[in-house]
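S.K.: First the structure, then my questions, so here it is.
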Amino acid sequence: MNIKNKEELLLRISRYLMLQGSFTNNLGLLNGKMGFSLFFFHYSRFREISLYEDFAEELITEIYREITQNVIYNFRDGLCGIAWGIEYLIRNKFVEAEEDDILKELDNKILEYDIRYMKDFSLETGLVGIGHYAISRCIGATKGSFPLPKTYLNELVHSLITTNDETSKKLGNYLSQIVQKTGSPYTDDVLYQLLLSVKYNDNSIFNKNRPIGILNSGYTGIGLKLMLSNHGKNQNIHI
C-alpha cells in the first residue's frame, strides 16, 4: 500500500471514530474508548496535528469520569485494559503523568477481585489479561517498591504457572522474573500480538458490519495496524 492510500484510509477511519467515539458506552481497551484514545494519540503523532491529541485527551477524561464501581475488571472491556492503556501512553510519552498517582484508584479496584480461583486463562477476560496488566505496572519498578502488593503478585504468578495453558505459564514466568529482578528485560508485546490478528482488504474496509474497536479486525485495530506496521511514519514506540 502506498503512503497516499494509507493516509486516505486513516483519515476516513479517524473521521468515523471521532463521530462514534464519545457515543459508545464501552470504556475498554479492545472495544471502547481506551482503544480509541490509543488510535488518536498515534494518529496525532502520525499527522503532526494537535487536534487529534486533544480528542484523545478528551476520551481519557471521559473514561475517568464514567468509571464506576460496576465496571468489570477484565482486559477486554474493563479496568485491566484501561490501566494497561494508560501505562502504554505514559511509556510512549503520549502523556506526562506519574503512573502510581493516576492508576492507584484503578489498582485498588482490580485488587478486589480474587484471582486464586479463576479458571479463565484468556487474554480478554481471564488471568492472562490480568498478567499483562500486572507486568505493565511492574516494568521498571525497583525491587521492593512495586505498585502492586507482593502477595498479590506471588498469587498471580502461582495461578498463571500452575496450569496446562502454555501462554499462561510463559507469562507467569515473565512476571516472576520481573518481581525477582532475574533474567532478561521483558517487553510487553500484547498490542503487537493483537494487531497481528487484524485482517482486512483495502477495498472492503468500510462496511456496516465491521466492529469499531481493536478486536475482530475493527476500525481501531485496522487504523493502529496501518500506523504501527514497520512503526509507520514518525513512530518510535514500545509495544
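Residue numbers start at 1 in each chain; chains themselves are named A, B, ... in the order of the C-alpha cells; ligands are numbered from 1 in the order shown.
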Give me the residues within 12 Å of Leu111 in chain A as a ChimeraX atom specification, counting only C-alpha atoms and dropping any in the same chain fewer than 4 places off.
M.R.: /A:73-74,79-80,104-107,115-116,130,133-134,147-153,155-156
S.K.: Save the residues we just selected, C-alpha atoms, as a compact mmCIF listing (two decimals), in the first residue's frame?
M.R.:
```txt
# COMPACT_ATOMS: atom_id res chain seq x y z
CA TYR A 73 -12.06 -5.93 35.83
CA ASN A 74 -11.08 -7.66 32.59
CA LEU A 79 -10.16 -1.97 34.35
CA CYS A 80 -7.12 -4.11 33.48
CA LYS A 104 -3.82 3.99 42.19
CA GLU A 105 -7.63 4.05 42.14
CA LEU A 106 -7.78 1.54 39.29
CA ASP A 107 -5.26 -0.71 41.06
CA ILE A 115 -7.53 -14.35 41.30
CA ARG A 116 -6.76 -17.56 43.19
CA ILE A 130 -4.56 -9.64 34.41
CA TYR A 133 -1.81 -5.58 33.38
CA ALA A 134 0.46 -6.56 36.28
CA PRO A 147 2.97 -0.59 42.85
CA LEU A 148 1.06 -3.83 43.49
CA PRO A 149 1.32 -5.84 46.74
CA LYS A 150 3.96 -8.59 46.68
CA THR A 151 1.44 -11.11 47.99
CA TYR A 152 -0.90 -10.33 45.07
CA LEU A 153 1.93 -10.67 42.55
CA GLU A 155 -0.55 -15.31 43.94
CA LEU A 156 -0.89 -14.20 40.32
```
S.K.: Identify, on the basis of only C-alpha atoms, every residue whose closest approach to Glu96 in chain A does not exceed 12 Å; exclude the query and any residue fewer than 6 positions from it along the same chain; express the result as a PyMOL selection string.
M.R.: chain A and resi 57+86-90+102
S.K.: So that I have them on file, write out the residues from the current selection with N, CA and C atoms, as an mmCIF file, in the first residue's frame.
M.R.:
```
data_model
loop_
_atom_site.group_PDB
_atom_site.id
_atom_site.type_symbol
_atom_site.label_atom_id
_atom_site.label_comp_id
_atom_site.auth_asym_id
_atom_site.auth_seq_id
_atom_site.Cartn_x
_atom_site.Cartn_y
_atom_site.Cartn_z
ATOM 1 N N GLU A 57 -7.161 13.104 24.513
ATOM 2 C CA GLU A 57 -7.175 13.510 25.919
ATOM 3 C C GLU A 57 -8.602 13.646 26.441
ATOM 4 N N ILE A 86 -3.278 3.156 29.889
ATOM 5 C CA ILE A 86 -2.677 4.354 30.489
ATOM 6 C C ILE A 86 -1.165 4.184 30.603
ATOM 7 N N GLU A 87 -0.722 3.005 31.063
ATOM 8 C CA GLU A 87 0.715 2.735 31.147
ATOM 9 C C GLU A 87 1.369 2.845 29.769
ATOM 10 N N TYR A 88 0.703 2.327 28.771
ATOM 11 C CA TYR A 88 1.220 2.388 27.395
ATOM 12 C C TYR A 88 1.411 3.835 26.955
ATOM 13 N N LEU A 89 0.439 4.674 27.234
ATOM 14 C CA LEU A 89 0.521 6.084 26.835
ATOM 15 C C LEU A 89 1.651 6.803 27.559
ATOM 16 N N ILE A 90 1.830 6.496 28.836
ATOM 17 C CA ILE A 90 2.912 7.122 29.600
ATOM 18 C C ILE A 90 4.265 6.632 29.097
ATOM 19 N N ILE A 102 -1.881 8.288 39.029
ATOM 20 C CA ILE A 102 -3.047 8.246 38.152
ATOM 21 C C ILE A 102 -3.731 6.878 38.153
#
```
S.K.: Within range 14-112 of chain A, find each residue whose DSSP state, derived from the backbone, is alpha helix (DSSP H), and express the selection as a ChimeraX atom specification.
M.R.: /A:14-20,33-47,50-66,79-91,99-110
S.K.: Let me see the file: selected residues, C-alpha atoms, as a PDB file, in the first residue's frame.
M.R.:
```pdb
ATOM      1  CA  SER A  14     -10.289   8.919  12.105  1.00  0.00           C
ATOM      2  CA  ARG A  15     -13.441  10.713  10.977  1.00  0.00           C
ATOM      3  CA  TYR A  16     -15.576   7.680  11.738  1.00  0.00           C
ATOM      4  CA  LEU A  17     -14.025   7.196  15.180  1.00  0.00           C
ATOM      5  CA  MET A  18     -14.408  10.888  16.020  1.00  0.00           C
ATOM      6  CA  LEU A  19     -18.114  10.660  15.199  1.00  0.00           C
ATOM      7  CA  GLN A  20     -18.635   7.470  17.187  1.00  0.00           C
ATOM      8  CA  LYS A  33     -12.774   4.458  24.412  1.00  0.00           C
ATOM      9  CA  MET A  34      -9.375   3.389  25.728  1.00  0.00           C
ATOM     10  CA  GLY A  35      -8.574   1.810  22.380  1.00  0.00           C
ATOM     11  CA  PHE A  36      -9.877   4.867  20.529  1.00  0.00           C
ATOM     12  CA  SER A  37      -7.564   7.078  22.574  1.00  0.00           C
ATOM     13  CA  LEU A  38      -4.544   4.963  21.593  1.00  0.00           C
ATOM     14  CA  PHE A  39      -5.515   5.399  17.959  1.00  0.00           C
ATOM     15  CA  PHE A  40      -5.864   9.178  18.222  1.00  0.00           C
ATOM     16  CA  PHE A  41      -2.627   9.682  20.160  1.00  0.00           C
ATOM     17  CA  HIS A  42      -0.791   7.727  17.474  1.00  0.00           C
ATOM     18  CA  TYR A  43      -2.685   9.479  14.705  1.00  0.00           C
ATOM     19  CA  SER A  44      -1.803  12.886  16.144  1.00  0.00           C
ATOM     20  CA  ARG A  45       1.863  11.928  16.062  1.00  0.00           C
ATOM     21  CA  PHE A  46       1.496  10.402  12.595  1.00  0.00           C
ATOM     22  CA  ARG A  47      -0.151  13.523  11.131  1.00  0.00           C
ATOM     23  CA  SER A  50      -2.611  18.510  17.782  1.00  0.00           C
ATOM     24  CA  LEU A  51      -6.385  18.363  17.220  1.00  0.00           C
ATOM     25  CA  TYR A  52      -6.273  14.579  17.386  1.00  0.00           C
ATOM     26  CA  GLU A  53      -4.215  14.643  20.578  1.00  0.00           C
ATOM     27  CA  ASP A  54      -6.815  16.959  22.116  1.00  0.00           C
ATOM     28  CA  PHE A  55      -9.571  14.500  21.206  1.00  0.00           C
ATOM     29  CA  ALA A  56      -7.586  11.591  22.660  1.00  0.00           C
ATOM     30  CA  GLU A  57      -7.175  13.510  25.919  1.00  0.00           C
ATOM     31  CA  GLU A  58     -10.920  14.191  25.991  1.00  0.00           C
ATOM     32  CA  LEU A  59     -11.548  10.457  25.703  1.00  0.00           C
ATOM     33  CA  ILE A  60      -9.250   9.770  28.668  1.00  0.00           C
ATOM     34  CA  THR A  61     -11.124  12.398  30.689  1.00  0.00           C
ATOM     35  CA  GLU A  62     -14.430  10.749  29.772  1.00  0.00           C
ATOM     36  CA  ILE A  63     -13.109   7.340  30.826  1.00  0.00           C
ATOM     37  CA  TYR A  64     -12.153   8.579  34.289  1.00  0.00           C
ATOM     38  CA  ARG A  65     -15.419  10.458  34.652  1.00  0.00           C
ATOM     39  CA  GLU A  66     -17.526   7.465  33.660  1.00  0.00           C
ATOM     40  CA  LEU A  79     -10.159  -1.970  34.352  1.00  0.00           C
ATOM     41  CA  CYS A  80      -7.123  -4.111  33.485  1.00  0.00           C
ATOM     42  CA  GLY A  81      -7.183  -3.000  29.863  1.00  0.00           C
ATOM     43  CA  ILE A  82      -7.743   0.632  30.809  1.00  0.00           C
ATOM     44  CA  ALA A  83      -4.806   0.553  33.239  1.00  0.00           C
ATOM     45  CA  TRP A  84      -2.620  -1.173  30.637  1.00  0.00           C
ATOM     46  CA  GLY A  85      -3.591   1.515  28.123  1.00  0.00           C
ATOM     47  CA  ILE A  86      -2.677   4.354  30.489  1.00  0.00           C
ATOM     48  CA  GLU A  87       0.715   2.735  31.147  1.00  0.00           C
ATOM     49  CA  TYR A  88       1.220   2.388  27.395  1.00  0.00           C
ATOM     50  CA  LEU A  89       0.521   6.084  26.835  1.00  0.00           C
ATOM     51  CA  ILE A  90       2.912   7.122  29.600  1.00  0.00           C
ATOM     52  CA  ARG A  91       5.651   4.726  28.463  1.00  0.00           C
ATOM     53  CA  GLU A  99       1.794   6.142  36.954  1.00  0.00           C
ATOM     54  CA  ASP A 100       1.262   5.415  40.629  1.00  0.00           C
ATOM     55  CA  ASP A 101      -0.763   8.590  41.158  1.00  0.00           C
ATOM     56  CA  ILE A 102      -3.047   8.246  38.152  1.00  0.00           C
ATOM     57  CA  LEU A 103      -3.523   4.464  38.429  1.00  0.00           C
ATOM     58  CA  LYS A 104      -3.823   3.990  42.186  1.00  0.00           C
ATOM     59  CA  GLU A 105      -7.634   4.047  42.142  1.00  0.00           C
ATOM     60  CA  LEU A 106      -7.780   1.539  39.286  1.00  0.00           C
ATOM     61  CA  ASP A 107      -5.263  -0.708  41.058  1.00  0.00           C
ATOM     62  CA  ASN A 108      -7.374  -0.745  44.207  1.00  0.00           C
ATOM     63  CA  LYS A 109     -10.489  -1.755  42.268  1.00  0.00           C
ATOM     64  CA  ILE A 110      -8.667  -4.519  40.390  1.00  0.00           C
TER      65      ILE A 110
END
```
S.K.: Could the residues of range 91-149 of chain A that have an atom at most 7 Å from range 168-173 of chain A be listed as JSON lines, each with its closest atom pair and the distance in Å to one decimal, counting only C-alpha atoms and ordered by chain and ascending residue number?
M.R.:
```
{"residue": "A:Phe121", "atom": "CA", "partner": "A:Ser168", "partner_atom": "CA", "distance": 6.7}
{"residue": "A:Val128", "atom": "CA", "partner": "A:Ser168", "partner_atom": "CA", "distance": 5.9}
{"residue": "A:Gly131", "atom": "CA", "partner": "A:Leu171", "partner_atom": "CA", "distance": 6.7}
```
S.K.: Please report, as CSV, each residue of range 70-185 of chain A lying at most 12 Å from range 194-210 of chain A, together with the nearest pair of atoms and the separation in Å rounded to one decimal; use only C-alpha atoms, and order rows by chain and ascending residue number.
M.R.:
```
residue,atom,partner,partner_atom,distance
A:Arg76,CA,A:Leu194,CA,11.3
A:Leu123,CA,A:Leu194,CA,10.0
A:Glu124,CA,A:Leu194,CA,10.6
```
S.K.: How many Å separate CA of Phe146 in chain A from CA of His158 in chain A?
M.R.: 17.5 Å
S.K.: Find, counting only C-alpha atoms, the residue in A:Thr167, A:Ser145, A:Asn216, A:Thr162 that gets nearest to His132 in chain A.
M.R.: A:Thr167
S.K.: Hey, which of A:Gly32, A:Lys4, A:Lys119, A:Asn25 ends up closest to Tyr219 in chain A? Count only C-alpha atoms.
M.R.: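 For Tyr219 in chain A, the nearest of the candidates is A:Gly32.
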S.K.: In Å to one decimal, how far is CA of Gly28 in chain A from CA of Leu160 in chain A?
M.R.: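 Separation of CA of Leu160 in chain A and CA of Gly28 in chain A: 23.1 Å.
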S.K.: CA of Phe75 in chain A and CA of Thr125 in chain A are how many Å apart?
M.R.: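 CA of Thr125 in chain A lies 6.0 Å from CA of Phe75 in chain A.
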